[in-house]
file my_file.txt (compact mmCIF, C-alpha atoms)
# COMPACT_ATOMS: atom_id res chain seq x y z
CA MET A 1 7.28 -20.83 47.34
CA LYS A 2 7.23 -19.54 50.90
CA LYS A 3 8.73 -20.62 54.18
CA ILE A 4 6.17 -21.79 56.74
CA ASP A 5 6.32 -22.87 60.37
CA GLY A 6 7.19 -26.44 61.19
CA GLY A 7 9.24 -29.35 59.97
CA VAL A 8 8.42 -32.97 59.13
CA THR A 9 4.76 -32.63 60.18
CA ALA A 10 4.05 -29.66 57.88
CA PRO A 11 3.00 -31.84 54.89
CA LEU A 12 -0.43 -33.46 55.01
CA GLY A 13 -0.67 -36.90 56.56
CA PHE A 14 2.54 -36.84 58.58
CA SER A 15 2.78 -37.00 62.35
CA ALA A 16 5.79 -37.28 64.64
CA MET A 17 6.94 -37.34 68.24
CA GLY A 18 10.04 -37.45 70.41
CA VAL A 19 10.35 -38.99 73.88
CA ARG A 20 12.94 -39.89 76.48
CA ALA A 21 13.50 -43.65 76.60
CA GLU A 22 16.53 -43.32 78.93
CA ILE A 23 19.01 -44.54 76.32
CA LYS A 24 21.23 -41.58 77.15
CA THR A 25 22.61 -41.18 80.62
CA GLY A 26 23.14 -37.83 82.27
CA ASN A 27 20.56 -35.17 81.48
CA PRO A 28 17.17 -36.54 82.58
CA ASP A 29 15.35 -34.04 80.34
CA LYS A 30 17.03 -35.08 77.09
CA LYS A 31 14.82 -36.90 74.58
CA ASP A 32 16.46 -39.80 72.75
CA MET A 33 13.86 -41.48 70.52
CA ALA A 34 11.79 -40.13 67.64
CA MET A 35 9.19 -41.44 65.23
CA ILE A 36 7.74 -40.11 61.96
CA TYR A 37 4.56 -41.68 60.54
CA SER A 38 2.51 -41.15 57.41
CA ASN A 39 -1.10 -42.31 57.44
CA ALA A 40 -0.82 -42.89 53.70
CA PRO A 41 1.81 -45.08 52.03
CA CYS A 42 4.90 -43.21 50.83
CA VAL A 43 7.41 -43.71 48.08
CA ALA A 44 10.84 -43.24 49.63
CA ALA A 45 14.37 -42.35 48.60
CA GLY A 46 17.58 -42.35 50.57
CA THR A 47 21.25 -41.44 50.35
CA PHE A 48 23.82 -42.95 52.67
CA THR A 49 27.38 -42.74 53.95
CA THR A 50 30.29 -43.49 51.64
CA ASN A 51 32.26 -44.88 54.60
CA GLN A 52 33.07 -48.57 54.06
CA VAL A 53 32.16 -49.13 57.71
CA LYS A 54 28.37 -48.84 57.52
CA ALA A 55 26.17 -49.01 60.59
CA ALA A 56 23.44 -51.65 60.78
CA PRO A 57 20.58 -49.15 60.28
CA VAL A 58 22.23 -47.90 57.08
CA LYS A 59 22.21 -51.45 55.70
CA TRP A 60 18.61 -51.99 56.84
CA ASP A 61 17.42 -48.77 55.21
CA GLN A 62 19.25 -49.45 51.97
CA ASN A 63 17.42 -52.76 51.73
CA VAL A 64 14.04 -51.15 52.46
CA ILE A 65 14.61 -48.27 50.02
CA TYR A 66 15.73 -50.58 47.22
CA HIS A 67 13.20 -53.38 47.68
CA SER A 68 10.02 -52.06 49.35
CA GLN A 69 7.49 -50.31 47.16
CA THR A 70 6.11 -48.20 50.00
CA VAL A 71 7.14 -46.92 53.43
CA HIS A 72 5.00 -45.70 56.33
CA ALA A 73 7.33 -44.85 59.20
CA VAL A 74 10.78 -43.93 60.46
CA VAL A 75 11.96 -44.73 63.98
CA CYS A 76 15.18 -43.27 65.32
CA ASN A 77 17.24 -43.39 68.50
CA SER A 78 20.11 -41.20 69.63
CA GLY A 79 22.83 -42.12 72.13
CA VAL A 80 23.92 -45.41 70.52
CA ALA A 81 24.89 -45.63 66.83
CA ASN A 82 24.38 -49.39 66.34
CA ALA A 83 27.58 -49.38 64.29
CA CYS A 84 30.26 -52.10 64.36
CA THR A 85 27.77 -54.36 66.14
CA GLY A 86 27.82 -57.41 63.85
CA GLN A 87 24.87 -59.68 63.21
CA MET A 88 23.27 -58.70 66.49
CA GLY A 89 23.10 -55.11 65.30
CA MET A 90 21.18 -56.18 62.19
CA GLU A 91 18.83 -58.29 64.29
CA TYR A 92 18.17 -55.29 66.51
CA CYS A 93 17.27 -53.20 63.46
CA GLU A 94 14.73 -55.84 62.51
CA LYS A 95 13.35 -55.85 66.05
CA MET A 96 12.99 -52.05 65.98
CA ALA A 97 11.11 -52.32 62.68
CA GLU A 98 8.93 -55.19 63.94
CA ALA A 99 8.00 -53.35 67.12
CA THR A 100 7.15 -50.22 65.17
CA ALA A 101 5.12 -52.19 62.64
CA ASP A 102 3.16 -53.91 65.41
CA VAL A 103 2.08 -50.69 67.14
CA LEU A 104 1.26 -48.91 63.85
CA ASN A 105 -0.38 -51.92 62.15
CA ILE A 106 1.95 -51.85 59.15
CA LYS A 107 4.60 -54.20 57.73
CA LYS A 108 8.14 -54.26 59.09
CA GLU A 109 9.37 -53.80 55.52
CA GLU A 110 7.62 -50.41 55.58
CA VAL A 111 9.69 -49.16 58.50
CA LEU A 112 12.98 -47.28 58.17
CA VAL A 113 15.27 -47.17 61.21
CA ALA A 114 18.06 -44.80 62.18
CA SER A 115 20.53 -44.55 65.03
CA THR A 116 23.15 -42.03 66.08
CA GLY A 117 25.60 -41.86 68.96
CA VAL A 118 28.49 -43.91 70.25
CA ILE A 119 30.01 -46.50 67.88
CA GLY A 120 30.53 -50.07 69.08
CA ALA A 121 27.82 -50.34 71.74
CA GLN A 122 24.80 -52.59 71.35
CA LEU A 123 21.35 -51.03 71.51
CA PRO A 124 19.55 -51.40 74.87
CA MET A 125 16.59 -53.13 73.26
CA ASP A 126 14.39 -53.12 76.33
CA LYS A 127 14.56 -49.34 76.38
CA ILE A 128 14.17 -49.12 72.59
CA ILE A 129 11.02 -51.27 72.59
CA ASN A 130 9.61 -49.32 75.50
CA GLY A 131 10.34 -46.07 73.69
CA ILE A 132 8.52 -47.27 70.57
CA GLY A 133 5.56 -48.09 72.77
CA MET A 134 5.60 -44.54 74.15
CA LEU A 135 5.98 -42.90 70.75
CA ALA A 136 3.16 -44.49 68.77
CA PRO A 137 0.16 -43.37 70.86
CA THR A 138 1.50 -39.82 71.22
CA LEU A 139 2.19 -39.12 67.53
CA ASP A 140 1.20 -35.53 66.79
CA ALA A 141 0.47 -34.01 63.36
CA GLY A 142 0.96 -30.48 64.71
CA LEU A 143 4.04 -28.30 65.03
CA GLU A 144 4.83 -29.66 68.48
CA GLY A 145 5.11 -33.26 67.27
CA GLY A 146 7.67 -32.34 64.65
CA HIS A 147 9.60 -30.14 67.06
CA MET A 148 9.74 -32.86 69.73
CA ALA A 149 11.07 -35.32 67.14
CA ALA A 150 13.73 -32.81 66.02
CA GLN A 151 14.87 -32.49 69.63
CA ALA A 152 15.00 -36.25 70.15
CA ILE A 153 17.51 -36.96 67.35
CA MET A 154 20.13 -34.51 68.68
CA THR A 155 23.48 -35.69 70.07
CA THR A 156 26.07 -32.93 70.49
CA ASP A 157 23.83 -30.53 68.57
CA THR A 158 23.08 -27.35 70.50
CA VAL A 159 19.80 -26.59 68.71
CA PRO A 160 17.12 -28.60 66.86
CA LYS A 161 17.16 -28.13 63.10
CA GLU A 162 13.89 -28.06 61.15
CA ILE A 163 12.30 -26.19 58.24
CA ALA A 164 9.23 -26.29 55.98
CA TYR A 165 8.11 -24.69 52.71
CA GLU A 166 4.83 -24.39 50.85
CA PHE A 167 4.34 -24.14 47.07
CA GLU A 168 1.77 -24.95 44.37
CA LEU A 169 1.60 -27.68 41.73
CA ASP A 170 -1.43 -28.10 39.46
CA GLY A 171 -3.27 -25.55 41.59
CA LYS A 172 -2.79 -27.73 44.68
CA VAL A 173 -1.01 -26.51 47.80
CA CYS A 174 2.03 -28.71 48.42
CA ARG A 175 4.35 -28.81 51.39
CA ILE A 176 7.80 -30.12 52.13
CA GLY A 177 9.45 -30.22 55.55
CA GLY A 178 12.59 -31.57 57.09
CA MET A 179 14.65 -32.04 60.21
CA CYS A 180 18.20 -33.18 60.75
CA LYS A 181 20.91 -33.64 63.31
CA GLY A 182 24.62 -33.18 62.92
CA SER A 183 27.37 -31.32 64.73
CA GLY A 184 30.57 -33.37 64.68
CA MET A 185 32.17 -36.07 62.51
CA ILE A 186 30.96 -33.97 59.58
CA HIS A 187 32.65 -34.15 56.18
CA PRO A 188 31.58 -33.96 52.52
CA ASN A 189 30.24 -37.17 50.99
CA MET A 190 27.62 -37.17 53.71
CA CYS A 191 28.46 -36.55 57.31
CA THR A 192 27.56 -37.82 60.77
CA MET A 193 24.11 -36.63 60.22
CA LEU A 194 20.61 -37.90 60.00
CA GLY A 195 18.21 -36.05 57.77
CA PHE A 196 14.51 -36.76 57.40
CA ILE A 197 12.45 -34.97 54.76
CA THR A 198 8.72 -35.37 54.18
CA THR A 199 6.43 -34.10 51.44
CA ASP A 200 2.80 -34.51 50.39
CA VAL A 201 3.74 -34.16 46.71
CA SER A 202 2.79 -37.03 44.42
CA ILE A 203 5.92 -38.11 42.52
CA SER A 204 7.28 -41.37 41.15
CA LYS A 205 9.80 -43.28 43.24
CA ASP A 206 12.43 -43.06 40.51
CA LEU A 207 12.19 -39.28 40.16
CA LEU A 208 12.11 -38.85 43.94
CA TYR A 209 15.45 -40.65 44.14
CA GLN A 210 16.91 -38.67 41.24
CA ALA A 211 15.86 -35.40 42.87
CA LEU A 212 17.41 -36.31 46.21
CA SER A 213 20.63 -37.88 44.96
CA THR A 214 21.32 -34.99 42.61
CA ASP A 215 20.62 -32.22 45.10
CA ILE A 216 22.68 -33.89 47.83
CA GLN A 217 25.78 -33.11 45.77
CA ASP A 218 25.25 -29.35 46.12
CA THR A 219 24.01 -29.33 49.72
CA PHE A 220 24.81 -32.00 52.32
CA ASN A 221 27.92 -33.09 50.39
CA MET A 222 29.25 -29.53 50.53
CA ILE A 223 29.51 -29.25 54.31
CA SER A 224 32.39 -30.09 56.62
CA VAL A 225 33.11 -29.60 60.30
CA ASP A 226 36.10 -31.79 61.04
CA GLY A 227 36.97 -33.99 58.06
CA ASP A 228 35.59 -37.24 59.53
CA THR A 229 33.04 -39.19 57.47
CA SER A 230 30.65 -41.10 59.72
CA THR A 231 29.34 -44.67 59.71
CA ASN A 232 25.67 -43.68 60.05
CA ASP A 233 25.05 -40.87 57.55
CA THR A 234 21.53 -41.09 56.20
CA VAL A 235 19.11 -38.76 54.45
CA LEU A 236 15.61 -40.13 53.88
CA LEU A 237 12.91 -38.51 51.74
CA LEU A 238 9.28 -39.68 51.99
CA ALA A 239 6.45 -38.58 49.66
CA ASN A 240 2.83 -39.64 50.34
CA GLY A 241 1.01 -37.81 47.50
CA LEU A 242 -1.76 -36.39 49.70
CA ALA A 243 -1.45 -32.90 48.19
CA GLY A 244 -3.44 -34.24 45.24
CA ASN A 245 -1.28 -32.97 42.39
CA ALA A 246 -1.01 -35.02 39.22
CA THR A 247 1.83 -37.47 39.86
CA ILE A 248 5.19 -36.17 38.63
CA THR A 249 6.50 -38.81 36.23
CA GLU A 250 8.87 -36.84 34.01
CA LYS A 251 11.44 -34.09 34.36
CA ASP A 252 9.18 -31.20 33.43
CA GLU A 253 8.50 -27.82 35.01
CA LYS A 254 6.61 -29.42 37.92
CA TYR A 255 9.61 -31.62 38.64
CA ASN A 256 11.86 -28.56 38.58
CA GLN A 257 9.56 -26.77 41.05
CA PHE A 258 9.72 -29.73 43.40
CA VAL A 259 13.51 -29.92 43.09
CA GLU A 260 13.80 -26.21 43.91
CA ALA A 261 11.68 -26.69 47.06
CA LEU A 262 13.78 -29.70 48.06
CA HIS A 263 16.93 -27.66 47.42
CA GLN A 264 15.77 -24.89 49.74
CA VAL A 265 15.14 -27.43 52.52
CA ASN A 266 18.51 -29.10 51.99
CA VAL A 267 20.44 -25.80 51.89
CA PHE A 268 18.81 -24.62 55.10
CA LEU A 269 19.53 -27.87 56.94
CA SER A 270 23.08 -28.06 55.58
CA LYS A 271 23.91 -24.58 56.79
CA LYS A 272 22.36 -25.29 60.18
CA ILE A 273 24.60 -28.34 60.58
CA ALA A 274 27.72 -26.46 59.53
CA GLY A 275 26.95 -23.49 61.77
CA ASP A 276 26.29 -25.81 64.73
CA GLY A 277 29.61 -27.62 64.40
CA GLU A 278 30.95 -28.84 67.72
CA GLY A 279 32.31 -25.87 69.62
CA ALA A 280 31.76 -23.53 66.66
CA THR A 281 31.20 -19.81 67.05
CA ALA A 282 30.64 -19.04 63.36
CA LEU A 283 29.25 -20.51 60.15
CA PHE A 284 32.04 -20.36 57.56
CA GLU A 285 30.86 -20.20 53.96
CA VAL A 286 33.26 -20.51 51.02
CA LYS A 287 32.22 -19.43 47.52
CA VAL A 288 34.42 -20.10 44.53
CA ILE A 289 33.36 -18.13 41.46
CA GLY A 290 34.73 -17.68 37.97
CA ALA A 291 35.71 -21.34 37.66
CA GLU A 292 36.16 -23.14 34.36
CA SER A 293 34.05 -26.11 35.51
CA ARG A 294 31.78 -27.06 38.38
CA GLU A 295 34.23 -29.78 39.40
CA GLN A 296 37.04 -27.24 39.74
CA ALA A 297 34.85 -24.93 41.81
CA VAL A 298 33.75 -27.77 44.10
CA THR A 299 37.32 -28.98 44.65
CA LEU A 300 38.59 -25.52 45.51
CA ALA A 301 35.67 -24.65 47.82
CA LYS A 302 35.94 -27.93 49.72
CA SER A 303 39.68 -27.55 50.14
CA VAL A 304 39.31 -24.13 51.76
CA VAL A 305 36.36 -25.00 53.97
CA THR A 306 38.18 -28.08 55.35
CA SER A 307 41.50 -26.33 56.02
CA SER A 308 42.20 -26.47 59.76
CA LEU A 309 44.48 -23.44 59.54
CA THR A 310 41.83 -21.39 57.76
CA LYS A 311 39.16 -22.51 60.22
CA ALA A 312 41.42 -21.48 63.12
CA ALA A 313 41.97 -18.08 61.50
CA ILE A 314 38.20 -17.59 61.21
CA TYR A 315 37.89 -18.36 64.92
CA GLY A 316 40.52 -15.73 65.65
CA HIS A 317 38.83 -13.18 63.33
CA ASP A 318 42.17 -13.03 61.51
CA ALA A 319 42.17 -12.08 57.80
CA ASN A 320 44.97 -14.55 57.09
CA TRP A 321 44.21 -14.86 53.38
CA GLY A 322 47.44 -16.74 52.71
CA ARG A 323 45.87 -19.81 54.30
CA ILE A 324 42.97 -19.64 51.83
CA LEU A 325 45.26 -19.36 48.82
CA CYS A 326 47.45 -22.14 50.22
CA ALA A 327 44.42 -24.46 50.65
CA MET A 328 43.39 -23.74 47.07
CA GLY A 329 46.91 -24.54 45.92
CA TYR A 330 47.03 -28.03 47.41
CA SER A 331 43.49 -28.91 46.31
CA THR A 332 44.69 -30.58 43.03
CA ALA A 333 42.54 -28.16 40.98
CA LYS A 334 44.54 -26.21 38.41
CA PHE A 335 44.34 -22.39 38.44
CA ASP A 336 46.59 -19.34 38.18
CA PRO A 337 47.32 -17.95 41.68
CA ASP A 338 48.39 -14.63 40.13
CA LYS A 339 44.84 -14.01 38.90
CA VAL A 340 42.88 -14.82 42.07
CA ASP A 341 40.81 -12.20 43.91
CA ILE A 342 39.66 -12.93 47.50
CA TYR A 343 36.95 -11.19 49.51
CA PHE A 344 35.62 -11.51 53.06
CA GLU A 345 31.93 -10.79 53.61
CA SER A 346 29.41 -10.82 56.45
CA ARG A 347 26.25 -8.94 57.33
CA VAL A 348 28.29 -5.85 58.26
CA GLY A 349 30.12 -5.50 54.95
CA LYS A 350 32.31 -6.88 52.18
CA LEU A 351 36.05 -6.35 51.77
CA LYS A 352 38.44 -7.19 48.93
CA ILE A 353 41.66 -8.38 50.53
CA VAL A 354 43.46 -9.96 47.55
CA GLU A 355 43.63 -8.80 43.95
CA ASN A 356 45.49 -10.80 41.31
CA GLY A 357 47.17 -12.90 43.96
CA MET A 358 48.48 -10.01 46.05
CA ALA A 359 47.20 -8.21 49.14
CA THR A 360 45.20 -5.03 48.66
CA ALA A 361 45.62 -2.04 50.94
CA TYR A 362 42.75 -3.27 53.10
CA SER A 363 42.10 -2.23 56.68
CA GLU A 364 42.90 -4.96 59.23
CA GLU A 365 40.39 -3.35 61.59
CA GLU A 366 37.63 -3.54 58.97
CA ALA A 367 38.56 -7.14 58.16
CA THR A 368 38.36 -8.08 61.84
CA ARG A 369 34.97 -6.36 62.14
CA ILE A 370 33.62 -8.39 59.20
CA LEU A 371 35.11 -11.64 60.53
CA SER A 372 33.66 -11.11 64.02
CA GLU A 373 30.11 -11.97 62.89
CA ASP A 374 28.53 -15.38 63.45
CA GLU A 375 28.20 -15.98 59.69
CA VAL A 376 31.28 -15.28 57.57
CA THR A 377 31.87 -15.80 53.84
CA ALA A 378 35.13 -16.08 51.92
CA ILE A 379 34.80 -15.51 48.17
CA ALA A 380 37.54 -16.59 45.75
CA ASP A 381 37.31 -15.50 42.12
CA VAL A 382 39.66 -17.54 39.91
CA LYS A 383 38.62 -15.68 36.71
CA MET A 384 38.55 -18.72 34.44
CA GLY A 385 34.90 -19.20 33.48
CA PRO A 386 31.20 -19.06 34.48
CA TYR A 387 31.01 -21.83 37.09
CA GLU A 388 30.77 -21.57 40.86
CA ALA A 389 30.27 -23.67 43.99
CA THR A 390 29.56 -23.02 47.66
CA ALA A 391 30.75 -25.06 50.64
CA TRP A 392 29.83 -24.64 54.30
CA GLY A 393 31.81 -25.29 57.45
CA CYS A 394 32.62 -23.61 60.74
CA ASP A 395 35.50 -22.22 62.72
CA LEU A 396 37.81 -24.50 64.72
CA THR A 397 37.80 -23.78 68.45
CA HIS A 398 39.26 -25.05 71.71
CA GLU A 399 35.78 -26.30 72.59
CA TYR A 400 35.81 -28.78 69.68
CA VAL A 401 38.70 -30.65 71.33
CA SER A 402 36.99 -30.54 74.73
CA ILE A 403 33.75 -32.01 73.36
CA ASN A 404 35.45 -34.86 71.51
CA ALA A 405 37.94 -35.65 74.26
CA ASP A 406 35.16 -36.99 76.46
CA TYR A 407 32.39 -37.82 73.96
CA ARG A 408 31.79 -41.34 75.30
CA SER A 409 31.45 -40.14 78.88

call {"tool": "encode", "arguments": {"input": "my_file.txt", "output": "structure tokens"}}
result
Amino acid sequence: MKKIDGGVTAPLGFSAMGVRAEIKTGNPDKKDMAMIYSNAPCVAAGTFTTNQVKAAPVKWDQNVIYHSQTVHAVVCNSGVANACTGQMGMEYCEKMAEATADVLNIKKEEVLVASTGVIGAQLPMDKIINGIGMLAPTLDAGLEGGHMAAQAIMTTDTVPKEIAYEFELDGKVCRIGGMCKGSGMIHPNMCTMLGFITTDVSISKDLLYQALSTDIQDTFNMISVDGDTSTNDTVLLLANGLAGNATITEKDEKYNQFVEALHQVNVFLSKKIAGDGEGATALFEVKVIGAESREQAVTLAKSVVTSSLTKAAIYGHDANWGRILCAMGYSTAKFDPDKVDIYFESRVGKLKIVENGMATAYSEEEATRILSEDEVTAIADVKMGPYEATAWGCDLTHEYVSINADYRS
């Protein structure tokens, strides 16, 4: 498996585009609508927010994923979330799907829709319909089409997020690519993010769903920026089978190869979201090792990565390890604090700061140097067993408050 250029248009048969439909006010150069299209029918899988308040597009997509045998397209807008919009919001989802189906000559039941942005506002359907009309004739199967789409789904993101990999199954070259958006209202159990993943692998719908829903637990569900779980969280995975491999219908070695490729895409996108948290200056990674179960490791890692005090310490490049041990202690996971070792690590070095629950004679200057990088890892060894888990987040800065104090304006 190797990383290649591109994103959602890297697999065969997929094209995409992003345009400005003037849904967003302010920056006249900011794109706000995207479309992904496969010229062959796809089996599709999706995972969605656990928030009880689900946006209209989440409900639409759940229905399509569960009841349609094939999917051809995804259409997405940014700027307005179409959440808490009642029956009209659902009708607007249907109109988005109908308009997309008309211009692509497919069925509305083969169209997935997504929205992100401000909660409570109704979609400006005249602009949405116009945007769909602009997108369809400009769909591009090259790198530029995918990149333009990745730009168009951004809200408070500072950079587009996309990745692609290539691997072989049955002697056939297969590709998988993805793009996502997410910067704030990010918390484990999905986050305020939209993720779109495409592949030309031939795989059954059931196994596609199992692959996605299982891997989500170790990737997108292990990131947190601010502890808020959104109304619109959606990850969609489309597979059109154009690579020509024998269809994957059982959990064999070929399935495992596909899952590993999907995992690499999901890890990359998850880390990009966490590192691009609103106002963030650093990606904060937390590894818990030596756990007696995966559940224990996950609970401990999530507790540390979501600790506001720890996140603030990371922003200040302060090796305040007491905050890490404290966050582990209130996590509900049982462990012996007197056996815990803690390390800080970045590209410039690794430093053991706690041994058996007590501070080592570490250098504060060296700790600050390690914590001053833009990617920082805290490692906690609880010395209880062979299990481990990794969570991703970011530091907590003054800029986070500034961004969210005037988000609607």

call {"tool": "atom_distance", "arguments": {"input": "my_file.txt", "atom1": "CA of Gly117 in chain A", "atom2": "CA of Gly131 in chain A"}}
result
16.5 Å

call {"tool": "residues_around", "arguments": {"input": "my_file.txt", "residues": "Lys302 in chain A", "least_positions_apart": "3", "cutoff": "7 Å", "atoms": "only C-alpha atoms", "output": "ChimeraX atom specification"}}
result
/A:222,298-299,305-306,391

call {"tool": "closest_residue", "arguments": {"input": "my_file.txt", "among": "A:Thr247, A:Gln217, A:Ser224, A:Thr397", "to": "Ala280 in chain A", "atoms": "all atoms listed in the file"}}
result
A:Thr397

call {"tool": "closest_residue", "arguments": {"input": "my_file.txt", "among": "A:Gln210, A:Ser331, A:Asn256, A:Gln151", "to": "Ala45 in chain A", "atoms": "all atoms listed in the file"}}
result
A:Gln210

call {"tool": "closest_atom_pairs", "arguments": {"input": "my_file.txt", "of": "range 46-159 of chain A", "to": "range 2-20 of chain A", "cutoff": "9 Å", "atoms": "all atoms listed in the file", "output": "Markdown table"}}
result
| residue | atom | partner | partner_atom | distance |
| --- | --- | --- | --- | --- |
| A:Gly131 | CA | A:Val19 | CA | 7.1 |
| A:Met134 | CA | A:Val19 | CA | 7.3 |
| A:Leu135 | CA | A:Met17 | CA | 6.2 |
| A:Ala136 | CA | A:Met17 | CA | 8.1 |
| A:Thr138 | CA | A:Met17 | CA | 6.7 |
| A:Leu139 | CA | A:Ala16 | CA | 5.0 |
| A:Asp140 | CA | A:Ser15 | CA | 4.9 |
| A:Ala141 | CA | A:Ser15 | CA | 3.9 |
| A:Gly142 | CA | A:Thr9 | CA | 6.3 |
| A:Leu143 | CA | A:Gly6 | CA | 5.3 |
| A:Glu144 | CA | A:Met17 | CA | 8.0 |
| A:Gly145 | CA | A:Met17 | CA | 4.6 |
| A:Gly146 | CA | A:Ala16 | CA | 5.3 |
| A:His147 | CA | A:Gly7 | CA | 7.1 |
| A:Met148 | CA | A:Gly18 | CA | 4.6 |
| A:Ala149 | CA | A:Gly18 | CA | 4.0 |
| A:Ala150 | CA | A:Gly18 | CA | 7.4 |
| A:Gln151 | CA | A:Gly18 | CA | 7.0 |
| A:Ala152 | CA | A:Gly18 | CA | 5.1 |
| A:Ile153 | CA | A:Gly18 | CA | 8.1 |

call {"tool": "residues_near_point", "arguments": {"input": "my_file.txt", "point": "(46.6, -9.6, 44.5)", "cutoff": "9 Å", "atoms": "all atoms listed in the file", "output": "list in words"}}
result
Pro337, Asp338, Lys339, Val340, Asp341, Ile342, Ile353, Val354, Glu355, Asn356, Gly357, Met358, Ala359 and Thr360 of chain A

call {"tool": "atom_distance", "arguments": {"input": "my_file.txt", "atom1": "CA of Cys326 in chain A", "atom2": "CA of Leu300 in chain A"}}
result
10.6 Å

call {"tool": "residues_around", "arguments": {"input": "my_file.txt", "residues": "Ser202 in chain A", "least_positions_apart": "6", "cutoff": "9 Å", "atoms": "only C-alpha atoms", "output": "list in words"}}
result
Val43, Ala239, Asn240, Gly241, Leu242, Ala243, Gly244, Asn245, Ala246, Thr247 and Ile248 of chain A

call {"tool": "write_last_selection", "arguments": {"input": "my_file.txt", "atoms": "C-alpha atoms", "output": "compact mmCIF listing (two decimals), in the frame of the given file"}}
result
# COMPACT_ATOMS: atom_id res chain seq x y z
CA VAL A 43 7.41 -43.71 48.08
CA ALA A 239 6.45 -38.58 49.66
CA ASN A 240 2.83 -39.64 50.34
CA GLY A 241 1.01 -37.81 47.50
CA LEU A 242 -1.76 -36.39 49.70
CA ALA A 243 -1.45 -32.90 48.19
CA GLY A 244 -3.44 -34.24 45.24
CA ASN A 245 -1.28 -32.97 42.39
CA ALA A 246 -1.01 -35.02 39.22
CA THR A 247 1.83 -37.47 39.86
CA ILE A 248 5.19 -36.17 38.63

call {"tool": "residues_near_point", "arguments": {"input": "my_file.txt", "point": "(17.4, -35.8, 62.4)", "cutoff": "8 Å", "atoms": "only C-alpha atoms", "output": "list in words"}}
result
Ala149, Ala150, Ile153, Met154, Lys161, Met179, Cys180, Lys181, Gly182, Met193, Leu194, Gly195 and Phe196 of chain A

call {"tool": "closest_residue", "arguments": {"input": "my_file.txt", "among": "A:Glu22, A:Asp218, A:Glu345, A:Asp170", "to": "Arg294 in chain A", "atoms": "all atoms listed in the file"}}
result
A:Asp218

call {"tool": "closest_residue", "arguments": {"input": "my_file.txt", "among": "A:Ala261, A:Ala99, A:Ile379, A:Val118", "to": "Phe167 in chain A", "atoms": "only C-alpha atoms"}}
result
A:Ala261

call {"tool": "closest_residue", "arguments": {"input": "my_file.txt", "among": "A:Lys30, A:Met90, A:Tyr315, A:Asp102", "to": "Lys59 in chain A", "atoms": "only C-alpha atoms"}}
result
A:Met90

call {"tool": "closest_residue", "arguments": {"input": "my_file.txt", "among": "A:Pro386, A:Gly316, A:Gly349, A:Pro160", "to": "Ile273 in chain A", "atoms": "all atoms listed in the file"}}
result
A:Pro160

call {"tool": "atom_distance", "arguments": {"input": "my_file.txt", "atom1": "CA of Glu260 in chain A", "atom2": "CA of Thr214 in chain A"}}
result
11.6 Å
